[in-house]
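A.B. asks: The file below is upload_36.cif, mmCIF, C-alpha atoms; chains and numbers go by the auth columns:
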data_input
#
loop_
_atom_site.group_PDB
_atom_site.id
_atom_site.type_symbol
_atom_site.label_atom_id
_atom_site.label_comp_id
_atom_site.label_asym_id
_atom_site.label_seq_id
_atom_site.Cartn_x
_atom_site.Cartn_y
_atom_site.Cartn_z
_atom_site.B_iso_or_equiv
_atom_site.auth_seq_id
_atom_site.auth_asym_id
ATOM 1 C CA MET A 1 -11.880 -21.708 61.659 0.00 1482 A
ATOM 2 C CA ASN A 2 -12.522 -19.893 58.390 0.00 1483 A
ATOM 3 C CA ARG A 3 -14.033 -22.352 55.912 0.00 1484 A
ATOM 4 C CA PHE A 4 -13.155 -20.118 52.939 0.00 1485 A
ATOM 5 C CA LYS A 5 -9.675 -20.421 51.468 0.00 1486 A
ATOM 6 C CA VAL A 6 -7.849 -17.082 51.392 0.00 1487 A
ATOM 7 C CA SER A 7 -6.237 -16.295 48.051 0.00 1488 A
ATOM 8 C CA LYS A 8 -2.448 -16.013 48.084 0.00 1489 A
ATOM 9 C CA PHE A 9 -2.841 -13.058 45.706 0.00 1490 A
ATOM 10 C CA ARG A 10 -5.054 -11.104 48.088 0.00 1491 A
ATOM 11 C CA HIS A 11 -2.538 -8.396 48.973 0.00 1492 A
ATOM 12 C CA MET A 12 -0.567 -8.358 45.742 0.00 1493 A
ATOM 13 C CA GLU A 13 -0.545 -5.595 43.153 0.00 1494 A
ATOM 14 C CA ALA A 14 0.842 -5.283 39.656 0.00 1495 A
ATOM 15 C CA ARG A 15 3.847 -3.046 39.183 0.00 1496 A
ATOM 16 C CA PRO A 16 5.165 -1.973 35.767 0.00 1497 A
ATOM 17 C CA SER A 17 8.768 -2.811 34.945 0.00 1498 A
ATOM 18 C CA ARG A 18 11.446 -0.151 34.748 0.00 1499 A
ATOM 19 C CA ARG A 19 11.198 2.164 31.764 0.00 1500 A
ATOM 20 C CA GLU A 20 14.603 0.900 30.609 0.00 1501 A
ATOM 21 C CA ALA A 21 13.044 -2.546 30.097 0.00 1502 A
ATOM 22 C CA TRP A 22 10.204 -1.271 27.916 0.00 1503 A
ATOM 23 C CA ILE A 23 10.135 -2.073 24.194 0.00 1504 A
ATOM 24 C CA SER A 24 9.038 1.247 22.722 0.00 1505 A
ATOM 25 C CA ASP A 25 8.510 2.904 19.328 0.00 1506 A
ATOM 26 C CA ILE A 26 6.399 -0.023 18.106 0.00 1507 A
ATOM 27 C CA ARG A 27 3.912 0.696 15.325 0.00 1508 A
ATOM 28 C CA ALA A 28 1.293 -2.007 15.816 0.00 1509 A
ATOM 29 C CA GLY A 29 -1.707 -2.732 13.619 0.00 1510 A
ATOM 30 C CA THR A 30 -5.237 -2.120 14.882 0.00 1511 A
ATOM 31 C CA THR A 31 -7.428 -3.872 12.289 0.00 1512 A
ATOM 32 C CA PRO A 32 -9.852 -6.162 14.175 0.00 1513 A
ATOM 33 C CA THR A 33 -9.681 -9.915 13.535 0.00 1514 A
ATOM 34 C CA CYS A 34 -10.941 -13.060 15.266 0.00 1515 A
ATOM 35 C CA GLY A 35 -7.362 -14.059 16.096 0.00 1516 A
ATOM 36 C CA ASN A 36 -4.460 -12.690 18.122 0.00 1517 A
ATOM 37 C CA HIS A 37 -2.471 -9.572 17.332 0.00 1518 A
ATOM 38 C CA ILE A 38 0.499 -10.514 19.491 0.00 1519 A
ATOM 39 C CA LYS A 39 2.114 -13.755 20.665 0.00 1520 A
ATOM 40 C CA SER A 40 5.300 -14.620 22.553 0.00 1521 A
ATOM 41 C CA SER A 41 7.574 -17.590 23.072 0.00 1522 A
ATOM 42 C CA CYS A 42 10.337 -17.664 25.674 0.00 1523 A
ATOM 43 C CA SER A 43 12.697 -16.189 23.065 0.00 1524 A
ATOM 44 C CA LEU A 44 10.659 -13.988 20.712 0.00 1525 A
ATOM 45 C CA ILE A 45 7.684 -11.651 20.534 0.00 1526 A
ATOM 46 C CA ALA A 46 5.698 -11.411 17.289 0.00 1527 A
ATOM 47 C CA PHE A 47 2.978 -8.828 16.621 0.00 1528 A
ATOM 48 C CA ASN A 48 0.878 -7.410 13.806 0.00 1529 A
ATOM 49 C CA SER A 49 2.565 -4.270 12.483 0.00 1530 A
ATOM 50 C CA ASP A 50 0.800 -1.303 10.900 0.00 1531 A
ATOM 51 C CA ARG A 51 1.642 -2.743 7.459 0.00 1532 A
ATOM 52 C CA PRO A 52 -0.791 -5.472 6.296 0.00 1533 A
ATOM 53 C CA GLY A 53 0.886 -8.834 5.842 0.00 1534 A
ATOM 54 C CA VAL A 54 3.925 -7.840 7.914 0.00 1535 A
ATOM 55 C CA LEU A 55 4.782 -9.005 11.444 0.00 1536 A
ATOM 56 C CA GLY A 56 7.125 -7.261 13.852 0.00 1537 A
ATOM 57 C CA ILE A 57 9.619 -9.577 15.583 0.00 1538 A
ATOM 58 C CA VAL A 58 11.439 -8.716 18.814 0.00 1539 A
ATOM 59 C CA SER A 59 14.120 -10.954 20.309 0.00 1540 A
ATOM 60 C CA LEU A 60 14.151 -11.399 24.077 0.00 1541 A
ATOM 61 C CA GLU A 61 17.661 -12.861 24.061 0.00 1542 A
ATOM 62 C CA GLY A 62 21.217 -11.670 23.638 0.00 1543 A
ATOM 63 C CA ARG A 63 20.709 -7.925 23.957 0.00 1544 A
ATOM 64 C CA GLU A 64 20.693 -5.432 26.738 0.00 1545 A
ATOM 65 C CA GLU A 65 17.163 -4.461 27.648 0.00 1546 A
ATOM 66 C CA ASN A 66 17.528 -0.913 26.368 0.00 1547 A
ATOM 67 C CA LYS A 67 18.922 -2.061 22.981 0.00 1548 A
ATOM 68 C CA ARG A 68 16.150 -4.353 21.812 0.00 1549 A
ATOM 69 C CA HIS A 69 14.771 -3.425 18.424 0.00 1550 A
ATOM 70 C CA VAL A 70 12.073 -4.566 16.028 0.00 1551 A
ATOM 71 C CA THR A 71 12.721 -6.426 12.773 0.00 1552 A
ATOM 72 C CA TYR A 72 9.972 -7.014 10.233 0.00 1553 A
ATOM 73 C CA LEU A 73 8.888 -10.238 8.553 0.00 1554 A
ATOM 74 C CA GLY A 74 6.867 -10.031 5.334 0.00 1555 A
ATOM 75 C CA CYS A 75 4.578 -13.031 5.902 0.00 1556 A
ATOM 76 C CA HIS A 76 1.765 -12.680 3.422 0.00 1557 A
ATOM 77 C CA SER A 77 0.807 -10.841 0.258 0.00 1558 A
ATOM 78 C CA ASP A 78 0.751 -7.041 0.325 0.00 1559 A
ATOM 79 C CA GLY A 79 -2.592 -5.874 1.627 0.00 1560 A
ATOM 80 C CA ASP A 80 -3.546 -9.281 3.081 0.00 1561 A
ATOM 81 C CA LEU A 81 -3.882 -8.952 6.827 0.00 1562 A
ATOM 82 C CA VAL A 82 -2.278 -11.457 9.199 0.00 1563 A
ATOM 83 C CA THR A 83 -5.375 -12.675 11.033 0.00 1564 A
ATOM 84 C CA ASP A 84 -3.740 -14.884 13.677 0.00 1565 A
ATOM 85 C CA LEU A 85 -0.336 -16.170 14.781 0.00 1566 A
ATOM 86 C CA ASP A 86 1.078 -18.706 17.226 0.00 1567 A
ATOM 87 C CA PHE A 87 4.442 -20.048 18.395 0.00 1568 A
ATOM 88 C CA SER A 88 4.979 -23.777 18.726 0.00 1569 A
ATOM 89 C CA PRO A 89 5.092 -24.891 22.377 0.00 1570 A
ATOM 90 C CA PHE A 90 7.925 -27.252 21.343 0.00 1571 A
ATOM 91 C CA ASP A 91 10.089 -24.703 19.496 0.00 1572 A
ATOM 92 C CA ASP A 92 10.563 -21.059 20.484 0.00 1573 A
ATOM 93 C CA PHE A 93 11.545 -20.158 16.920 0.00 1574 A
ATOM 94 C CA LEU A 94 8.728 -21.849 14.962 0.00 1575 A
ATOM 95 C CA LEU A 95 5.967 -19.370 14.150 0.00 1576 A
ATOM 96 C CA ALA A 96 2.677 -20.043 12.337 0.00 1577 A
ATOM 97 C CA SER A 97 0.755 -17.213 10.669 0.00 1578 A
ATOM 98 C CA GLY A 98 -2.714 -17.230 9.111 0.00 1579 A
ATOM 99 C CA SER A 99 -3.998 -14.626 6.705 0.00 1580 A
ATOM 100 C CA ALA A 100 -6.772 -13.202 4.596 0.00 1581 A
ATOM 101 C CA ASP A 101 -4.840 -14.653 1.626 0.00 1582 A
ATOM 102 C CA ARG A 102 -6.352 -18.038 2.736 0.00 1583 A
ATOM 103 C CA THR A 103 -3.042 -19.673 3.657 0.00 1584 A
ATOM 104 C CA ILE A 104 -1.224 -20.774 6.816 0.00 1585 A
ATOM 105 C CA LYS A 105 2.546 -20.343 6.736 0.00 1586 A
ATOM 106 C CA LEU A 106 5.173 -21.729 9.099 0.00 1587 A
ATOM 107 C CA TRP A 107 8.328 -19.700 9.615 0.00 1588 A
ATOM 108 C CA ARG A 108 11.677 -20.856 10.981 0.00 1589 A
ATOM 109 C CA LEU A 109 12.968 -17.778 12.828 0.00 1590 A
ATOM 110 C CA SER A 110 16.453 -17.285 14.253 0.00 1591 A
ATOM 111 C CA GLY A 111 18.163 -15.882 17.294 0.00 1592 A
ATOM 112 C CA PRO A 112 19.537 -12.364 17.843 0.00 1593 A
ATOM 113 C CA GLY A 113 21.447 -10.836 14.939 0.00 1594 A
ATOM 114 C CA ALA A 114 20.373 -13.449 12.366 0.00 1595 A
ATOM 115 C CA ALA A 115 18.407 -12.505 9.260 0.00 1596 A
ATOM 116 C CA LEU A 116 14.717 -13.314 9.073 0.00 1597 A
ATOM 117 C CA PRO A 117 13.672 -15.913 6.475 0.00 1598 A
ATOM 118 C CA SER A 118 12.630 -14.742 3.015 0.00 1599 A
ATOM 119 C CA ALA A 119 10.229 -17.653 2.495 0.00 1600 A
ATOM 120 C CA PRO A 120 8.152 -19.939 4.753 0.00 1601 A
ATOM 121 C CA GLY A 121 9.250 -23.483 5.467 0.00 1602 A
ATOM 122 C CA VAL A 122 5.709 -24.845 5.029 0.00 1603 A
ATOM 123 C CA VAL A 123 2.532 -23.505 3.422 0.00 1604 A
ATOM 124 C CA LEU A 124 -0.854 -25.058 4.286 0.00 1605 A
ATOM 125 C CA GLY A 125 -3.832 -24.358 2.049 0.00 1606 A
ATOM 126 C CA PRO A 126 -5.100 -22.382 0.318 0.00 1607 A
ATOM 127 C CA GLU A 127 -8.465 -22.608 2.032 0.00 1608 A
ATOM 128 C CA GLU A 128 -11.727 -21.533 0.379 0.00 1609 A
ATOM 129 C CA LEU A 129 -12.043 -18.512 2.683 0.00 1610 A
ATOM 130 C CA PRO A 130 -9.643 -16.373 4.753 0.00 1611 A
ATOM 131 C CA VAL A 131 -8.012 -18.141 7.694 0.00 1612 A
ATOM 132 C CA GLU A 132 -9.528 -16.672 10.861 0.00 1613 A
ATOM 133 C CA VAL A 133 -7.755 -18.463 13.731 0.00 1614 A
ATOM 134 C CA LEU A 134 -5.066 -21.072 14.352 0.00 1615 A
ATOM 135 C CA GLN A 135 -3.360 -22.733 17.329 0.00 1616 A
ATOM 136 C CA PHE A 136 -0.620 -25.299 17.820 0.00 1617 A
ATOM 137 C CA HIS A 137 -1.487 -28.459 19.745 0.00 1618 A
ATOM 138 C CA PRO A 138 -0.180 -28.120 23.331 0.00 1619 A
ATOM 139 C CA THR A 139 1.113 -31.696 23.723 0.00 1620 A
ATOM 140 C CA ALA A 140 1.606 -33.135 20.200 0.00 1621 A
ATOM 141 C CA ASP A 141 4.439 -31.649 18.168 0.00 1622 A
ATOM 142 C CA GLY A 142 3.574 -30.674 14.592 0.00 1623 A
ATOM 143 C CA VAL A 143 -0.219 -30.600 14.995 0.00 1624 A
ATOM 144 C CA LEU A 144 -2.228 -27.433 14.353 0.00 1625 A
ATOM 145 C CA VAL A 145 -5.917 -26.474 14.389 0.00 1626 A
ATOM 146 C CA SER A 146 -7.222 -23.761 12.060 0.00 1627 A
ATOM 147 C CA ALA A 147 -10.545 -22.210 11.135 0.00 1628 A
ATOM 148 C CA ALA A 148 -11.506 -20.608 7.815 0.00 1629 A
ATOM 149 C CA GLY A 149 -15.139 -19.644 7.327 0.00 1630 A
ATOM 150 C CA ARG A 150 -17.204 -22.606 8.589 0.00 1631 A
ATOM 151 C CA THR A 151 -14.325 -25.049 8.162 0.00 1632 A
ATOM 152 C CA VAL A 152 -12.205 -26.239 11.107 0.00 1633 A
ATOM 153 C CA LYS A 153 -9.252 -28.515 10.302 0.00 1634 A
ATOM 154 C CA VAL A 154 -6.643 -30.323 12.358 0.00 1635 A
ATOM 155 C CA TRP A 155 -3.366 -30.398 10.390 0.00 1636 A
ATOM 156 C CA ASP A 156 -0.334 -32.640 10.318 0.00 1637 A
ATOM 157 C CA VAL A 157 2.283 -29.989 9.593 0.00 1638 A
ATOM 158 C CA ALA A 158 5.027 -32.425 8.526 0.00 1639 A
ATOM 159 C CA LYS A 159 2.777 -34.111 5.956 0.00 1640 A
ATOM 160 C CA GLN A 160 1.186 -30.761 5.011 0.00 1641 A
ATOM 161 C CA GLN A 161 -2.286 -32.270 5.030 0.00 1642 A
ATOM 162 C CA PRO A 162 -5.339 -32.267 7.306 0.00 1643 A
ATOM 163 C CA LEU A 163 -5.822 -35.117 9.758 0.00 1644 A
ATOM 164 C CA THR A 164 -9.532 -34.391 10.163 0.00 1645 A
ATOM 165 C CA GLU A 165 -12.177 -31.738 9.541 0.00 1646 A
ATOM 166 C CA LEU A 166 -14.595 -30.790 12.329 0.00 1647 A
ATOM 167 C CA GLU A 167 -18.149 -30.400 11.033 0.00 1648 A
ATOM 168 C CA ALA A 168 -21.521 -28.860 12.005 0.00 1649 A
ATOM 169 C CA HIS A 169 -20.612 -25.154 12.066 0.00 1650 A
ATOM 170 C CA LYS A 170 -23.355 -23.100 10.424 0.00 1651 A
ATOM 171 C CA ASP A 171 -21.548 -19.756 10.191 0.00 1652 A
ATOM 172 C CA LEU A 172 -18.121 -18.131 10.573 0.00 1653 A
ATOM 173 C CA VAL A 173 -15.983 -19.822 13.248 0.00 1654 A
ATOM 174 C CA GLN A 174 -14.587 -17.108 15.530 0.00 1655 A
ATOM 175 C CA SER A 175 -12.509 -19.197 17.944 0.00 1656 A
ATOM 176 C CA ALA A 176 -10.946 -22.681 18.043 0.00 1657 A
ATOM 177 C CA VAL A 177 -8.828 -23.658 21.046 0.00 1658 A
ATOM 178 C CA TRP A 178 -7.246 -26.839 22.372 0.00 1659 A
ATOM 179 C CA SER A 179 -7.807 -27.913 25.960 0.00 1660 A
ATOM 180 C CA ARG A 180 -4.683 -27.876 28.126 0.00 1661 A
ATOM 181 C CA ASP A 181 -4.016 -31.596 27.555 0.00 1662 A
ATOM 182 C CA GLY A 182 -4.917 -31.412 23.855 0.00 1663 A
ATOM 183 C CA ALA A 183 -7.664 -34.010 24.164 0.00 1664 A
ATOM 184 C CA ILE A 184 -10.536 -31.804 22.961 0.00 1665 A
ATOM 185 C CA VAL A 185 -11.172 -28.651 20.941 0.00 1666 A
ATOM 186 C CA GLY A 186 -13.631 -25.906 21.858 0.00 1667 A
ATOM 187 C CA THR A 187 -15.082 -23.720 19.093 0.00 1668 A
ATOM 188 C CA ALA A 188 -17.210 -20.588 19.060 0.00 1669 A
ATOM 189 C CA CYS A 189 -19.209 -19.685 15.976 0.00 1670 A
ATOM 190 C CA LYS A 190 -21.203 -16.747 14.641 0.00 1671 A
ATOM 191 C CA ASP A 191 -24.284 -18.979 14.920 0.00 1672 A
ATOM 192 C CA LYS A 192 -23.875 -18.292 18.694 0.00 1673 A
ATOM 193 C CA GLN A 193 -23.095 -21.940 19.479 0.00 1674 A
ATOM 194 C CA LEU A 194 -20.258 -23.132 21.674 0.00 1675 A
ATOM 195 C CA ARG A 195 -19.134 -26.631 20.629 0.00 1676 A
ATOM 196 C CA ILE A 196 -16.831 -29.303 22.060 0.00 1677 A
ATOM 197 C CA PHE A 197 -15.058 -31.813 19.799 0.00 1678 A
ATOM 198 C CA ASP A 198 -12.898 -34.871 20.368 0.00 1679 A
ATOM 199 C CA PRO A 199 -11.050 -34.886 17.014 0.00 1680 A
ATOM 200 C CA ARG A 200 -9.674 -38.395 17.566 0.00 1681 A
ATOM 201 C CA ALA A 201 -13.139 -39.912 18.045 0.00 1682 A
ATOM 202 C CA ARG A 202 -15.486 -38.183 15.595 0.00 1683 A
ATOM 203 C CA THR A 203 -15.875 -35.169 13.316 0.00 1684 A
ATOM 204 C CA GLN A 204 -19.180 -34.081 14.885 0.00 1685 A
ATOM 205 C CA ALA A 205 -19.414 -32.072 18.097 0.00 1686 A
ATOM 206 C CA SER A 206 -19.841 -34.149 21.245 0.00 1687 A
ATOM 207 C CA GLN A 207 -21.582 -31.217 22.991 0.00 1688 A
ATOM 208 C CA SER A 208 -23.001 -27.814 22.053 0.00 1689 A
ATOM 209 C CA THR A 209 -24.860 -24.977 23.733 0.00 1690 A
ATOM 210 C CA GLN A 210 -25.710 -21.325 23.089 0.00 1691 A
ATOM 211 C CA ALA A 211 -22.815 -19.189 24.235 0.00 1692 A
ATOM 212 C CA HIS A 212 -24.002 -15.561 24.041 0.00 1693 A
ATOM 213 C CA GLU A 213 -27.131 -13.824 22.750 0.00 1694 A
ATOM 214 C CA ASN A 214 -25.154 -11.580 20.387 0.00 1695 A
ATOM 215 C CA ASN A 215 -22.889 -13.099 17.716 0.00 1696 A
ATOM 216 C CA ARG A 216 -20.148 -10.453 17.876 0.00 1697 A
ATOM 217 C CA ASP A 217 -16.562 -11.433 18.732 0.00 1698 A
ATOM 218 C CA ILE A 218 -17.090 -14.621 20.735 0.00 1699 A
ATOM 219 C CA ARG A 219 -13.746 -15.942 22.000 0.00 1700 A
ATOM 220 C CA LEU A 220 -12.707 -18.894 24.135 0.00 1701 A
ATOM 221 C CA ALA A 221 -9.952 -19.836 26.586 0.00 1702 A
ATOM 222 C CA TRP A 222 -9.479 -22.941 28.728 0.00 1703 A
ATOM 223 C CA THR A 223 -8.729 -22.411 32.406 0.00 1704 A
ATOM 224 C CA GLY A 224 -6.230 -24.292 34.568 0.00 1705 A
ATOM 225 C CA VAL A 225 -9.054 -26.682 35.528 0.00 1706 A
ATOM 226 C CA GLN A 226 -9.320 -29.267 32.748 0.00 1707 A
ATOM 227 C CA GLU A 227 -13.123 -29.188 32.421 0.00 1708 A
ATOM 228 C CA HIS A 228 -13.568 -25.413 32.629 0.00 1709 A
ATOM 229 C CA LEU A 229 -13.817 -23.052 29.664 0.00 1710 A
ATOM 230 C CA VAL A 230 -14.269 -19.256 29.573 0.00 1711 A
ATOM 231 C CA SER A 231 -16.114 -17.468 26.771 0.00 1712 A
ATOM 232 C CA THR A 232 -16.303 -13.738 26.144 0.00 1713 A
ATOM 233 C CA GLY A 233 -18.897 -12.020 23.972 0.00 1714 A
ATOM 234 C CA PHE A 234 -21.930 -9.741 24.070 0.00 1715 A
ATOM 235 C CA ASN A 235 -25.568 -9.973 25.150 0.00 1716 A
ATOM 236 C CA GLN A 236 -28.620 -8.543 23.356 0.00 1717 A
ATOM 237 C CA MET A 237 -28.028 -5.156 25.012 0.00 1718 A
ATOM 238 C CA ARG A 238 -24.513 -5.063 23.470 0.00 1719 A
ATOM 239 C CA GLU A 239 -22.973 -5.405 26.916 0.00 1720 A
ATOM 240 C CA ARG A 240 -19.675 -7.258 27.094 0.00 1721 A
ATOM 241 C CA GLU A 241 -19.878 -10.391 29.187 0.00 1722 A
ATOM 242 C CA ALA A 242 -17.746 -13.334 30.257 0.00 1723 A
ATOM 243 C CA LYS A 243 -19.075 -16.799 31.081 0.00 1724 A
ATOM 244 C CA LEU A 244 -17.550 -19.808 32.805 0.00 1725 A
ATOM 245 C CA TRP A 245 -18.532 -23.258 31.490 0.00 1726 A
ATOM 246 C CA ASP A 246 -18.092 -26.771 32.844 0.00 1727 A
ATOM 247 C CA THR A 247 -17.974 -29.363 30.051 0.00 1728 A
ATOM 248 C CA ARG A 248 -19.552 -31.909 32.429 0.00 1729 A
ATOM 249 C CA LEU A 249 -22.646 -29.668 32.870 0.00 1730 A
ATOM 250 C CA PHE A 250 -22.751 -27.909 29.530 0.00 1731 A
ATOM 251 C CA SER A 251 -26.398 -26.862 29.234 0.00 1732 A
ATOM 252 C CA SER A 252 -25.839 -23.563 31.080 0.00 1733 A
ATOM 253 C CA ALA A 253 -22.940 -21.438 32.281 0.00 1734 A
ATOM 254 C CA LEU A 254 -21.606 -21.884 35.809 0.00 1735 A
ATOM 255 C CA ALA A 255 -21.216 -18.137 36.152 0.00 1736 A
ATOM 256 C CA SER A 256 -21.651 -14.986 34.078 0.00 1737 A
ATOM 257 C CA VAL A 257 -20.438 -11.440 34.587 0.00 1738 A
ATOM 258 C CA THR A 258 -21.379 -8.292 32.639 0.00 1739 A
ATOM 259 C CA LEU A 259 -18.494 -5.903 32.083 0.00 1740 A
ATOM 260 C CA ASP A 260 -19.537 -2.817 30.105 0.00 1741 A
ATOM 261 C CA THR A 261 -21.394 -1.640 27.015 0.00 1742 A
ATOM 262 C CA SER A 262 -19.822 -1.795 23.565 0.00 1743 A
ATOM 263 C CA PRO A 263 -19.844 1.499 21.643 0.00 1744 A
ATOM 264 C CA GLY A 264 -19.865 -0.431 18.338 0.00 1745 A
ATOM 265 C CA GLY A 265 -22.808 -1.711 16.357 0.00 1746 A
#
What do you get writing this file as structure tokens?
C.D. replies:
Amino acid sequence: MNRFKVSKFRHMEARPSRREAWISDIRAGTTPTCGNHIKSSCSLIAFNSDRPGVLGIVSLEGREENKRHVTYLGCHSDGDLVTDLDFSPFDDFLLASGSADRTIKLWRLSGPGAALPSAPGVVLGPEELPVEVLQFHPTADGVLVSAAGRTVKVWDVAKQQPLTELEAHKDLVQSAVWSRDGAIVGTACKDKQLRIFDPRARTQASQSTQAHENNRDIRLAWTGVQEHLVSTGFNQMREREAKLWDTRLFSSALASVTLDTSPGG
């Protein structure tokens, strides 16, 4: 008997959808940020356009696949890049955007054929520095985490005020992500440290460890296993690498894989 479990994906392969289902003629922005350039709910896709401060919005409902088109939402001041965006897990049409203008704005979008809003429903901030990343809480409606410079805040959106501020970061925070159950927050910082916080218990990190040897573009994502976290970044040789962490044994990575060499500095 084979003691190794065979993956159910072993003989599967990815196949692109029909060309008729493609959403084409999109002019997307390419300016690098710590956050996401594209996000989707079950009803809408939002992405950074080639115009700073403007998001492209595509509806996934109510139209034939070959008739979908892009509408544009002016989110932030002209010339101020949208650095990150996220849809609420509780509302397909509630979009949060963060920007170099130091604010977070929440937008109430509409279904197919309806006009986009001319003003945000809520504005959080301004912060002292540009907002780098943001993410809605996965299990608590109306809660949001954001990072601007060294400052990480957990917000109550309805009250338009922070619930807590997570401390101890010594440089620019490049990633801040909720665990799947929303109990803890993982952060990655330009000081090369990976930190774990329980925002309900204390403002200081409960655990920290060095993530990568190079401080470029460190990003985090929680896996389907509650205690496991993946980080991506670079080593001293400027090689891209990914590491798997277990928050129960946080002093060193469970596994590490080197991918390729970055052409950048």
A.B. asks: Work out how far atom CA of A:Gly1705 is from atom CA of A:Gly1663, in Å to one decimal.
C.D. replies: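 Taking atom CA of A:Gly1663 as the start and atom CA of A:Gly1705 as the end point, the length is 12.9 Å.
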A.B. asks: Around the point (-22.3, -1.1, 30.2) in the file's coordinates, collect all residues with an atom within 9 Å, using all atoms listed in the file, and return them as a ChimeraX atom specification.
C.D. replies: /A:1718-1721,1739-1743
A.B. asks: Report the centre and edge lengths, in Å to one decimal, of an axis-aligned box enclosing every atom of stretch 1711-1720 of chain A listed in the file, padded by 8 Å on each side, as AutoDock Vina command-line options.
C.D. replies:
--center_x -21.4 --center_y -12.2 --center_z 26.5 --size_x 30.4 --size_y 30.2 --size_z 22.2
A.B. asks: Provide the atom CA of A:Pro1593 to atom CA of A:Val1563 distance in Å, to one decimal place.
C.D. replies: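 Atom-to-atom, atom CA of A:Pro1593 and atom CA of A:Val1563 are spaced 23.5 Å apart.
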A.B. asks: Would you list the contacts of A:Arg1508 as number ranges by chain, taking every protein, DNA or RNA residue within 7 Å and counting all atoms listed in the file, but skipping same-chain residues closer than 2 positions in sequence?
C.D. replies: A: 1506, 1510, 1530-1531
A.B. asks: Let me make sure I understand: among A:Gly1560, A:Gly1579, A:Gly1630, A:Pro1607, which one has the smallest atom-to-atom distance to A:Cys1670 if we use all atoms listed in the file?
C.D. replies: A:Gly1630
A.B. asks: Set the distance at 7 Å and use all atoms listed in the file: which residues neighbour stretch 1676-1682 of chain A once local chain neighbours fewer than 4 positions away are removed? I'd like the list as a list of chain:residue names.
C.D. replies: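 Close residues of stretch 1676-1682 of chain A: A:Ala1664, A:Ile1665, A:Val1666, A:Gly1667, A:Thr1668, A:Ala1669, A:Ala1686, A:Ser1687, A:Gln1688, A:Ser1689, A:Thr1690.
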A.B. asks: What separation in Å, quoted to one decimal, exists between atom CA of A:Thr1713 and atom CA of A:Arg1532?
C.D. replies: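 Separation of atom CA of A:Thr1713 and atom CA of A:Arg1532: 28.1 Å.
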A.B. asks: Counting only C-alpha atoms, which of A:Arg1496, A:Leu1575, A:Tyr1553, A:Glu1646 gets nearest to A:Cys1523?
C.D. replies: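 Nearest to A:Cys1523: A:Leu1575.
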A.B. asks: Find, counting all atoms listed in the file, the residue in A:His1557, A:Lys1640, A:Lys1520, A:His1550 that gets nearest to A:Phe1574.
C.D. replies: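 When distances to A:Phe1574 are compared using all atoms listed in the file, the smallest one comes from A:Lys1520.
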A.B. asks: Near stretch 1710-1712 of chain A, within 6 Å and counting all atoms listed in the file, which residues show up once chain neighbours fewer than 2 positions away are dropped, as a list of chain:residue names?
C.D. replies: A:Arg1700, A:Leu1701, A:Ala1702, A:Trp1703, A:Thr1704, A:Ala1723, A:Lys1724, A:Leu1725, A:Trp1726
A.B. asks: Can you work out which one of A:Thr1564, A:Thr1552, A:Leu1576, A:Gln1685 has the shortest atom-to-atom distance to A:Ala1595, counting only C-alpha atoms?
C.D. replies: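 Selected residue with least distance to A:Ala1595: A:Thr1552.
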